[in-house]
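K.L.:
This is the structure I want to talk about, given as structure tokens.
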Number of protein chains: 2
Amino acid sequence: MRKMSVASAPGKTILFGEHSVVYDEPAIAGAVNKRASVKIQESLNNYSTLKSYDLGFEVILNTRRGTYKLVKGKPGIIRYILNAMGKFHDHSNIDMTLGLNLPIGSGLGSSAAVTVATIAALHDYHGVPITKEKLAEEAHGVEQDVQGIASPLDTLVSTNGGLVYLSREKRIVRFDKPLDAPFVIGFTNKYGNTGKMVKHVRHLKDNYPELINPVISTMGKIANEARIAILKNDIDRIADLMNLNQGLLDGLGVNTYELSRMIYTARENGALASKITGSGGGGSIISLCKNSTVDNVANAINKEDSTIKVKFSGEGVLVNRRSPPFN
Amino acid sequence: MRKMSVASAPGKTILFGEHSVVYDEPAIAGAVNKRASVKIQESLNNYSTLKSYDLGFEVILNTRRGTYKLVKGKPGIIRYILNAMGKFHDHSNIDMTLGLNLPIGSGLGSSAAVTVATIAALHDYHGVPITKEKLAEEAHGVEQDVQGIASPLDTLVSTNGGLVYLSREKRIVRFDKPLDAPFVIGFTNKYGNTGKMVKHVRHLKDNYPELINPVISTMGKIANEARIAILKNDIDRIADLMNLNQGLLDGLGVNTYELSRMIYTARENGALASKITGSGGGGSIISLCKNSTVDNVANAINKEDSTIKVKFSGEGVLVNRRSPPFN
């Protein structure tokens, strides 16, 4: 039988604290029930391959050189996989399959999910035991190599799963239960540029410290209030806090025509709340729904933009030779 | 020759401080170059009439009873005129013509403009001298009678003209020059309900004082910064402040799908800034433009909503038997 390993890891979404987290305010983010999965099989050929049905690409890999030859499609996310293979693979020939049921570039942490799943599958394939702590760290290293700069939160949440509160002191506290409510993520094909947005907020803060500092500290207070509301499962209060946070993000100038359209389309169609998730300037919104309104909200946004329905999930990385969550 | 009087008074728009002004924060508002005009002529018949070509209505008035008989159209704004006539007219038969080149219910203070113009024309018709101070007060009285509650700012600005700063202590300071920049007012047919919006903000503030108080006090600081920027004619800074103020208004929950659409349509089409003007929940937005972009912005908003181009104006009430501004 061919040697085989499978691992999967979840995407994440930020519920509170984008931008203010840059200024050491607390944030809340969580793993979602949409995942990246990586299957590694011993190759029967004298070369390695990487395919993704979900992303519609196929390449022949030179694992020794860290290069590839395109067979089909656009392997957008391949740099993360090549970097991980360069570090954690022994150059034996393998066939890799990448599954992904979350959209790339939508602020759902697809690169972190792919990276965590890839490293976990590689270690398992080579019989190398690894702690979650070490795995998160290695995945963060890959993200930093590829992106130049990366938040450790994405890889950490993807590895451990669950909903987490990041304190001012950068301490991570995992909530006992992920929030039990349906969310709709709305996204356009206009990607946000995180670096540019962070710079824009910095500029505004430098020009108007007396005005922007209280906005950012209020965002921190919102995250702290939200922490309590989540512990109490007080959905109405979480909704109020999301909507207020959205206004403050708008004030910081990271909202756009499309994001605003999705936000108000969601609210007009029965969402309890909606806000930008991630750095804005494009990218995604997250909308808190009721079970009875989640389809309405998604359908309404889908008329002009795209959506994915998610729930927060306690499941982090999963390594299992038999049952990949999907292919 | 028939005895005749003509008076006109400007509409106004709020530039900074809606909602926060309720909590004694400063505000900035100004008269615009769109006006209500009232012409009064001695009647040749044994009854009184009121017509408006602009509003498309015509009525026969019973000035003694304060009632009217509809001839044509919908006399939406007639209650203000009837109330003013009850107080300041002697029941002789007159023919009144109302001109209005600003939209009703769009937050541009059309009722205050109509009321000020009506009272000024009536006093002139009867040869009663009146100070601007007294006129503003009388007009405020009419607004209060008709609406139950009314801001004295509308009638005050309409009477005196110009751009004014309203301090925390409710002291009115008139800027030497009205801001010299073109603005587009965008409005939908969804009117905002000021009372409802003020109540909504109060409720939010009661529920989340720690979060809403800093938002409201930041709005006050924005108005103070804006005062300085206006004195320096620093348009870029005024624009930044308007956009920041808009986010905070959004956070207070007074934004809507349509207002948001107009705000981002304006910004995407070359506006320097755009924000809700007035209490929101419907109503209008105000967009700061350059001379080179004002038409672009108006055309873009006009695709789905309505606009009126305005400038701030130093001209308050004008009483002149010969040259009404229009009609």
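Scheme for the structure tokens: letters A, B, ... for chains in order shown; per-chain residue numbers from 1; ligand numbers from 1 in order shown.
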Write out as a ChimeraX atom specification the set of residues from region 55-295 of chain A that DSSP, computed on the backbone, places in helix (DSSP H, G or I).

P.N.:
/A:78-88,110-125,132-147,152-160,194-207,209-231,235-251,257-268,294-295

K.L.:
From the DSSP assignment of the backbone, select every residue of region 43-239 of chain B that is strand (DSSP E or B), and format the answer as a PyMOL selection string.

P.N.:
chain B and resi 48-52+57-62+67-72+94-100+163-166+172-174+183-187

K.L.:
Just N, CA and C atoms for this one: save the residues we selected as a short mmCIF file (atom, residue, chain, number, x, y, z; two decimals), in the first residue's frame.

P.N.:
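See out25.cif below for the written result:
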```
data_model
loop_
_atom_site.label_atom_id
_atom_site.label_comp_id
_atom_site.auth_asym_id
_atom_site.auth_seq_id
_atom_site.Cartn_x
_atom_site.Cartn_y
_atom_site.Cartn_z
N SER B 48 -58.95 84.64 0.25
CA SER B 48 -57.48 84.61 0.13
C SER B 48 -57.06 83.34 -0.59
N THR B 49 -55.90 83.42 -1.24
CA THR B 49 -55.38 82.23 -1.93
C THR B 49 -53.91 82.03 -1.57
N LEU B 50 -53.48 80.78 -1.72
CA LEU B 50 -52.05 80.44 -1.59
C LEU B 50 -51.73 79.47 -2.71
N LYS B 51 -50.73 79.85 -3.50
CA LYS B 51 -50.31 78.97 -4.62
C LYS B 51 -48.82 78.74 -4.54
N SER B 52 -48.40 77.57 -5.02
CA SER B 52 -46.98 77.36 -5.23
C SER B 52 -46.79 76.63 -6.55
N PHE B 57 -49.16 73.21 -5.86
CA PHE B 57 -50.46 73.19 -5.17
C PHE B 57 -51.11 74.58 -5.19
N GLU B 58 -52.38 74.59 -4.94
CA GLU B 58 -53.15 75.82 -4.91
C GLU B 58 -54.31 75.61 -3.94
N VAL B 59 -54.51 76.56 -3.03
CA VAL B 59 -55.61 76.43 -2.07
C VAL B 59 -56.32 77.77 -1.90
N ILE B 60 -57.58 77.70 -1.46
CA ILE B 60 -58.30 78.90 -1.04
C ILE B 60 -58.28 78.91 0.48
N LEU B 61 -57.82 80.04 1.03
CA LEU B 61 -57.59 80.11 2.48
C LEU B 61 -58.75 80.79 3.19
N ASN B 62 -59.10 80.25 4.34
CA ASN B 62 -59.95 80.99 5.25
C ASN B 62 -59.04 81.49 6.37
N THR B 67 -58.24 77.64 8.12
CA THR B 67 -58.50 76.42 7.35
C THR B 67 -58.30 76.73 5.87
N TYR B 68 -58.38 75.69 5.05
CA TYR B 68 -58.22 75.92 3.61
C TYR B 68 -59.02 74.89 2.82
N LYS B 69 -59.26 75.25 1.56
CA LYS B 69 -59.96 74.36 0.64
C LYS B 69 -59.00 74.07 -0.50
N LEU B 70 -58.76 72.81 -0.74
CA LEU B 70 -57.77 72.45 -1.76
C LEU B 70 -58.32 72.69 -3.17
N VAL B 71 -57.54 73.35 -3.99
CA VAL B 71 -57.88 73.49 -5.40
C VAL B 71 -57.10 72.46 -6.20
N LYS B 72 -55.84 72.25 -5.79
CA LYS B 72 -54.94 71.44 -6.60
C LYS B 72 -53.71 71.04 -5.78
N ILE B 94 -55.77 88.20 0.97
CA ILE B 94 -54.50 88.33 0.25
C ILE B 94 -54.31 87.15 -0.68
N ASP B 95 -53.44 87.35 -1.68
CA ASP B 95 -52.99 86.25 -2.53
C ASP B 95 -51.52 86.01 -2.24
N MET B 96 -51.22 84.78 -1.79
CA MET B 96 -49.81 84.46 -1.47
C MET B 96 -49.27 83.50 -2.51
N THR B 97 -48.01 83.73 -2.86
CA THR B 97 -47.32 82.78 -3.74
C THR B 97 -46.06 82.31 -3.02
N LEU B 98 -45.89 81.00 -2.98
CA LEU B 98 -44.73 80.42 -2.30
C LEU B 98 -43.79 79.83 -3.35
N GLY B 99 -42.57 80.31 -3.33
CA GLY B 99 -41.54 79.70 -4.18
C GLY B 99 -40.58 78.92 -3.31
N LEU B 100 -40.10 77.79 -3.81
CA LEU B 100 -39.19 76.98 -2.99
C LEU B 100 -38.25 76.26 -3.94
N LEU B 163 -22.47 80.94 7.71
CA LEU B 163 -22.06 79.70 8.33
C LEU B 163 -21.83 79.99 9.80
N VAL B 164 -22.40 79.17 10.68
CA VAL B 164 -22.28 79.48 12.10
C VAL B 164 -21.75 78.28 12.90
N TYR B 165 -21.07 78.63 13.96
CA TYR B 165 -20.58 77.66 14.93
C TYR B 165 -21.42 77.81 16.18
N LEU B 166 -21.98 76.71 16.62
CA LEU B 166 -22.79 76.72 17.84
C LEU B 166 -21.95 76.10 18.95
N ILE B 172 -23.87 81.38 19.50
CA ILE B 172 -23.73 81.28 18.05
C ILE B 172 -22.63 82.22 17.59
N VAL B 173 -21.64 81.68 16.90
CA VAL B 173 -20.58 82.53 16.34
C VAL B 173 -20.65 82.39 14.82
N ARG B 174 -20.81 83.53 14.16
CA ARG B 174 -20.91 83.50 12.71
C ARG B 174 -19.50 83.60 12.13
N PHE B 183 -20.94 72.03 -2.73
CA PHE B 183 -21.45 70.85 -2.05
C PHE B 183 -22.58 70.23 -2.88
N VAL B 184 -22.68 68.92 -2.78
CA VAL B 184 -23.85 68.24 -3.34
C VAL B 184 -24.64 67.66 -2.18
N ILE B 185 -25.92 67.97 -2.14
CA ILE B 185 -26.82 67.32 -1.18
C ILE B 185 -27.48 66.17 -1.93
N GLY B 186 -27.42 64.99 -1.37
CA GLY B 186 -28.10 63.84 -1.97
C GLY B 186 -29.25 63.43 -1.07
N PHE B 187 -30.37 63.10 -1.67
CA PHE B 187 -31.51 62.69 -0.82
C PHE B 187 -32.35 61.65 -1.54
#
```

K.L.:
From the list A:Asn269, A:Ser313, A:Ser279, A:Ser306, which residue is nearest chain B when using only C-alpha atoms?

P.N.:
A:Asn269

K.L.:
Counting only C-alpha atoms, which residues of chain B come no farther than 8 Å from chain A, as a ChimeraX atom specification?

P.N.:
/B:210-211,214-215,218,221-222,243-253,256-257,260-261,264-265,268

K.L.:
Please identify all polymer residues within 7 Å of Gly30 (chain A), counting only C-alpha atoms, omitting same-chain residues fewer than 4 positions from it, and present them as a PyMOL selection string.

P.N.:
chain A and resi 12-14+157+161-164+312

K.L.:
Set the distance at 10 Å and use only C-alpha atoms: which residues neighbour Gly141 (chain A) once local chain neighbours fewer than 3 positions away are removed? I'd like the list as JSON, numbers by chain.

P.N.:
{"A": [83, 84, 115, 135, 136, 137, 138, 144, 145, 146, 147, 148, 149, 150, 152, 155]}

K.L.:
I want to know what sits within 12 Å of Ile238 (chain B), based on only C-alpha atoms, with residues of the same chain fewer than 3 positions away left out; could you give that as a short mmCIF file (atom, residue, chain, number, x, y, z; two decimals) with all heavy atoms, in the first residue's frame?

P.N.:
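Writing the result to result_37.cif gives the following:
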```cif
data_model
loop_
_atom_site.label_atom_id
_atom_site.label_comp_id
_atom_site.auth_asym_id
_atom_site.auth_seq_id
_atom_site.Cartn_x
_atom_site.Cartn_y
_atom_site.Cartn_z
N TYR A 208 -4.39 63.32 13.29
CA TYR A 208 -5.50 63.69 14.18
C TYR A 208 -5.47 62.84 15.46
O TYR A 208 -6.44 62.15 15.76
CB TYR A 208 -6.85 63.48 13.48
CG TYR A 208 -6.98 64.23 12.17
CD1 TYR A 208 -6.65 63.62 10.97
CD2 TYR A 208 -7.44 65.54 12.16
CE1 TYR A 208 -6.76 64.32 9.77
CE2 TYR A 208 -7.56 66.23 10.96
CZ TYR A 208 -7.22 65.62 9.77
OH TYR A 208 -7.33 66.30 8.59
N LEU B 15 -23.24 70.83 8.89
CA LEU B 15 -21.96 70.31 8.41
C LEU B 15 -21.33 69.38 9.44
O LEU B 15 -20.77 68.34 9.10
CB LEU B 15 -21.03 71.49 8.08
CG LEU B 15 -19.84 71.23 7.18
CD1 LEU B 15 -20.24 70.55 5.89
CD2 LEU B 15 -19.11 72.53 6.88
N PHE B 16 -21.44 69.75 10.70
CA PHE B 16 -20.89 68.93 11.80
C PHE B 16 -21.80 69.00 13.01
O PHE B 16 -22.37 70.05 13.28
CB PHE B 16 -19.50 69.44 12.22
CG PHE B 16 -18.44 69.24 11.18
CD1 PHE B 16 -18.08 70.27 10.34
CD2 PHE B 16 -17.81 68.01 11.03
CE1 PHE B 16 -17.10 70.10 9.36
CE2 PHE B 16 -16.84 67.81 10.06
CZ PHE B 16 -16.48 68.86 9.22
N ILE B 28 -21.72 72.84 13.64
CA ILE B 28 -21.52 73.84 12.58
C ILE B 28 -22.60 73.65 11.53
O ILE B 28 -22.80 72.53 11.04
CB ILE B 28 -20.12 73.72 11.96
CG1 ILE B 28 -19.06 74.08 13.02
CG2 ILE B 28 -19.98 74.63 10.73
CD1 ILE B 28 -17.63 73.84 12.57
N LEU B 179 -17.90 79.16 3.90
CA LEU B 179 -16.92 78.29 3.23
C LEU B 179 -17.13 78.35 1.71
O LEU B 179 -18.23 78.14 1.24
CB LEU B 179 -17.19 76.89 3.75
CG LEU B 179 -16.20 75.78 3.55
CD1 LEU B 179 -14.84 76.14 4.11
CD2 LEU B 179 -16.73 74.53 4.27
N ALA B 181 -16.85 76.50 -1.15
CA ALA B 181 -16.64 75.20 -1.79
C ALA B 181 -18.00 74.68 -2.24
O ALA B 181 -19.01 74.96 -1.59
CB ALA B 181 -16.00 74.22 -0.81
N ILE B 222 -14.39 66.95 16.84
CA ILE B 222 -14.35 67.10 15.38
C ILE B 222 -14.90 68.47 14.99
O ILE B 222 -14.31 69.18 14.16
CB ILE B 222 -15.14 65.97 14.69
CG1 ILE B 222 -14.42 64.64 14.84
CG2 ILE B 222 -15.37 66.30 13.21
CD1 ILE B 222 -15.21 63.43 14.35
N ALA B 223 -16.02 68.86 15.59
CA ALA B 223 -16.62 70.17 15.26
C ALA B 223 -15.65 71.30 15.62
O ALA B 223 -15.53 72.28 14.87
CB ALA B 223 -17.95 70.34 15.98
N ASN B 224 -14.95 71.16 16.74
CA ASN B 224 -13.98 72.20 17.13
C ASN B 224 -12.80 72.26 16.17
O ASN B 224 -12.33 73.34 15.81
CB ASN B 224 -13.51 71.97 18.56
CG ASN B 224 -14.56 72.44 19.57
OD1 ASN B 224 -15.36 73.34 19.26
ND2 ASN B 224 -14.59 71.83 20.74
N GLU B 225 -12.30 71.08 15.78
CA GLU B 225 -11.22 71.04 14.77
C GLU B 225 -11.70 71.64 13.46
O GLU B 225 -10.95 72.32 12.76
CB GLU B 225 -10.78 69.59 14.53
CG GLU B 225 -9.94 68.97 15.62
CD GLU B 225 -8.48 69.40 15.53
OE1 GLU B 225 -8.04 69.78 14.43
OE2 GLU B 225 -7.80 69.37 16.58
N ALA B 226 -12.95 71.34 13.13
CA ALA B 226 -13.50 71.83 11.86
C ALA B 226 -13.62 73.35 11.88
O ALA B 226 -13.40 74.01 10.86
CB ALA B 226 -14.87 71.20 11.60
N ARG B 227 -13.96 73.90 13.04
CA ARG B 227 -14.05 75.36 13.16
C ARG B 227 -12.72 76.00 12.76
O ARG B 227 -12.68 76.95 11.97
CB ARG B 227 -14.39 75.72 14.62
CG ARG B 227 -14.80 77.15 14.81
CD ARG B 227 -14.98 77.53 16.28
NE ARG B 227 -14.34 78.81 16.52
CZ ARG B 227 -13.12 78.97 16.99
NH1 ARG B 227 -12.39 77.93 17.36
NH2 ARG B 227 -12.61 80.19 17.13
N ILE B 228 -11.64 75.44 13.27
CA ILE B 228 -10.31 75.97 12.95
C ILE B 228 -9.99 75.78 11.46
O ILE B 228 -9.49 76.68 10.79
CB ILE B 228 -9.25 75.27 13.84
CG1 ILE B 228 -9.52 75.60 15.31
CG2 ILE B 228 -7.83 75.70 13.43
CD1 ILE B 228 -8.79 74.70 16.29
N ALA B 229 -10.34 74.60 10.95
CA ALA B 229 -10.06 74.31 9.53
C ALA B 229 -10.85 75.26 8.63
O ALA B 229 -10.34 75.70 7.59
CB ALA B 229 -10.40 72.86 9.22
N ILE B 230 -12.08 75.60 9.03
CA ILE B 230 -12.88 76.54 8.22
C ILE B 230 -12.26 77.93 8.25
O ILE B 230 -12.15 78.61 7.22
CB ILE B 230 -14.35 76.58 8.72
CG1 ILE B 230 -15.05 75.25 8.39
CG2 ILE B 230 -15.12 77.74 8.09
CD1 ILE B 230 -16.39 75.05 9.08
N LEU B 231 -11.81 78.35 9.43
CA LEU B 231 -11.16 79.67 9.54
C LEU B 231 -9.93 79.75 8.64
O LEU B 231 -9.62 80.80 8.08
CB LEU B 231 -10.77 79.95 11.00
CG LEU B 231 -11.95 80.21 11.95
CD1 LEU B 231 -11.48 80.25 13.41
CD2 LEU B 231 -12.67 81.51 11.59
N LYS B 232 -9.24 78.60 8.48
CA LYS B 232 -8.05 78.56 7.62
C LYS B 232 -8.39 78.20 6.18
O LYS B 232 -7.49 78.08 5.35
CB LYS B 232 -7.07 77.50 8.15
CG LYS B 232 -6.45 77.83 9.49
CD LYS B 232 -5.45 76.72 9.87
CE LYS B 232 -4.82 76.99 11.23
NZ LYS B 232 -4.10 75.80 11.72
N ASN B 233 -9.65 77.95 5.92
CA ASN B 233 -10.10 77.45 4.61
C ASN B 233 -9.31 76.22 4.18
O ASN B 233 -8.97 76.05 3.01
CB ASN B 233 -10.04 78.56 3.56
CG ASN B 233 -11.03 78.32 2.43
OD1 ASN B 233 -12.15 77.87 2.67
ND2 ASN B 233 -10.61 78.56 1.20
N ASP B 234 -9.02 75.34 5.13
CA ASP B 234 -8.25 74.12 4.86
C ASP B 234 -9.22 73.01 4.43
O ASP B 234 -9.71 72.23 5.25
CB ASP B 234 -7.47 73.73 6.12
CG ASP B 234 -6.53 72.56 5.87
OD1 ASP B 234 -6.73 71.80 4.90
OD2 ASP B 234 -5.59 72.39 6.67
N ILE B 235 -9.48 72.96 3.14
CA ILE B 235 -10.51 72.07 2.60
C ILE B 235 -10.19 70.59 2.85
O ILE B 235 -11.07 69.79 3.19
CB ILE B 235 -10.70 72.32 1.08
CG1 ILE B 235 -11.16 73.77 0.83
CG2 ILE B 235 -11.70 71.34 0.47
CD1 ILE B 235 -12.56 74.09 1.26
N LEU B 241 -12.31 65.48 8.31
CA LEU B 241 -13.16 65.56 9.49
C LEU B 241 -14.59 65.13 9.18
O LEU B 241 -15.25 64.48 9.99
CB LEU B 241 -13.13 66.99 10.06
CG LEU B 241 -11.75 67.41 10.62
CD1 LEU B 241 -11.70 68.92 10.85
CD2 LEU B 241 -11.43 66.65 11.91
N MET B 242 -15.06 65.48 7.99
CA MET B 242 -16.40 65.05 7.59
C MET B 242 -16.47 63.52 7.48
O MET B 242 -17.43 62.90 7.94
CB MET B 242 -16.78 65.65 6.22
CG MET B 242 -17.16 67.13 6.27
SD MET B 242 -17.49 67.80 4.61
CE MET B 242 -19.02 66.94 4.18
N ASN B 243 -15.45 62.93 6.87
CA ASN B 243 -15.46 61.47 6.70
C ASN B 243 -15.37 60.74 8.04
O ASN B 243 -16.03 59.72 8.25
CB ASN B 243 -14.32 61.04 5.78
CG ASN B 243 -14.58 61.42 4.33
OD1 ASN B 243 -15.73 61.65 3.94
ND2 ASN B 243 -13.54 61.48 3.53
N LEU B 244 -14.56 61.27 8.94
CA LEU B 244 -14.46 60.67 10.26
C LEU B 244 -15.80 60.79 11.00
O LEU B 244 -16.31 59.82 11.58
CB LEU B 244 -13.34 61.34 11.06
CG LEU B 244 -13.20 60.92 12.53
CD1 LEU B 244 -13.07 59.40 12.69
CD2 LEU B 244 -12.01 61.62 13.18
N ASN B 245 -16.38 61.99 10.93
CA ASN B 245 -17.68 62.21 11.57
C ASN B 245 -18.73 61.23 11.03
O ASN B 245 -19.55 60.69 11.78
CB ASN B 245 -18.13 63.66 11.32
CG ASN B 245 -19.23 64.08 12.28
OD1 ASN B 245 -20.04 63.29 12.71
ND2 ASN B 245 -19.28 65.35 12.61
N LEU B 272 -14.56 64.98 -2.15
CA LEU B 272 -13.49 65.00 -1.14
C LEU B 272 -13.97 64.35 0.15
O LEU B 272 -13.20 63.80 0.91
CB LEU B 272 -13.08 66.44 -0.86
CG LEU B 272 -12.42 67.17 -2.03
CD1 LEU B 272 -12.33 68.66 -1.74
CD2 LEU B 272 -11.05 66.58 -2.31
N ALA B 273 -15.27 64.43 0.39
CA ALA B 273 -15.84 63.88 1.62
C ALA B 273 -17.34 63.79 1.46
O ALA B 273 -17.93 64.44 0.59
CB ALA B 273 -15.52 64.78 2.81
N SER B 274 -17.95 62.97 2.30
CA SER B 274 -19.40 62.88 2.29
C SER B 274 -19.86 62.34 3.63
O SER B 274 -19.21 61.48 4.22
CB SER B 274 -19.89 61.98 1.16
OG SER B 274 -19.22 60.73 1.17
N LYS B 275 -20.97 62.87 4.09
CA LYS B 275 -21.53 62.41 5.36
C LYS B 275 -23.03 62.67 5.38
O LYS B 275 -23.55 63.45 4.59
CB LYS B 275 -20.85 63.09 6.55
CG LYS B 275 -21.07 64.60 6.61
CD LYS B 275 -20.38 65.21 7.84
CE LYS B 275 -21.20 65.08 9.09
NZ LYS B 275 -22.44 65.89 9.10
N SER B 287 -22.07 66.30 0.54
CA SER B 287 -20.81 65.86 -0.04
C SER B 287 -20.00 67.07 -0.46
O SER B 287 -20.49 67.94 -1.19
CB SER B 287 -21.17 64.97 -1.24
OG SER B 287 -20.02 64.65 -1.94
N LEU B 288 -18.79 67.15 0.06
CA LEU B 288 -17.88 68.25 -0.27
C LEU B 288 -17.16 67.92 -1.56
O LEU B 288 -16.53 66.86 -1.67
CB LEU B 288 -16.89 68.42 0.89
CG LEU B 288 -15.70 69.36 0.69
CD1 LEU B 288 -16.14 70.78 0.36
CD2 LEU B 288 -14.82 69.36 1.95
N CYS B 289 -17.26 68.81 -2.54
CA CYS B 289 -16.68 68.53 -3.85
C CYS B 289 -15.69 69.61 -4.25
O CYS B 289 -15.55 70.63 -3.58
CB CYS B 289 -17.79 68.47 -4.90
SG CYS B 289 -19.01 67.19 -4.57
#
```

K.L.:
Which value, in Å to one decimal, gives the distance between CA of Asp54 (chain B) and CA of Ile119 (chain B)?

P.N.:
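Taking CA of Asp54 (chain B) as the start and CA of Ile119 (chain B) as the end point, the length is 19.5 Å.
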
K.L.:
From the options A:Val22, A:Ala27, A:Leu44, A:Leu55, which residue's atoms come nearest to Lys3 (chain A), counting only C-alpha atoms?

P.N.:
A:Leu44

K.L.:
Could you please determine the separation between CA of Asn320 (chain A) and CA of Thr307 (chain A) in Å, to one decimal place?

P.N.:
29.5 Å
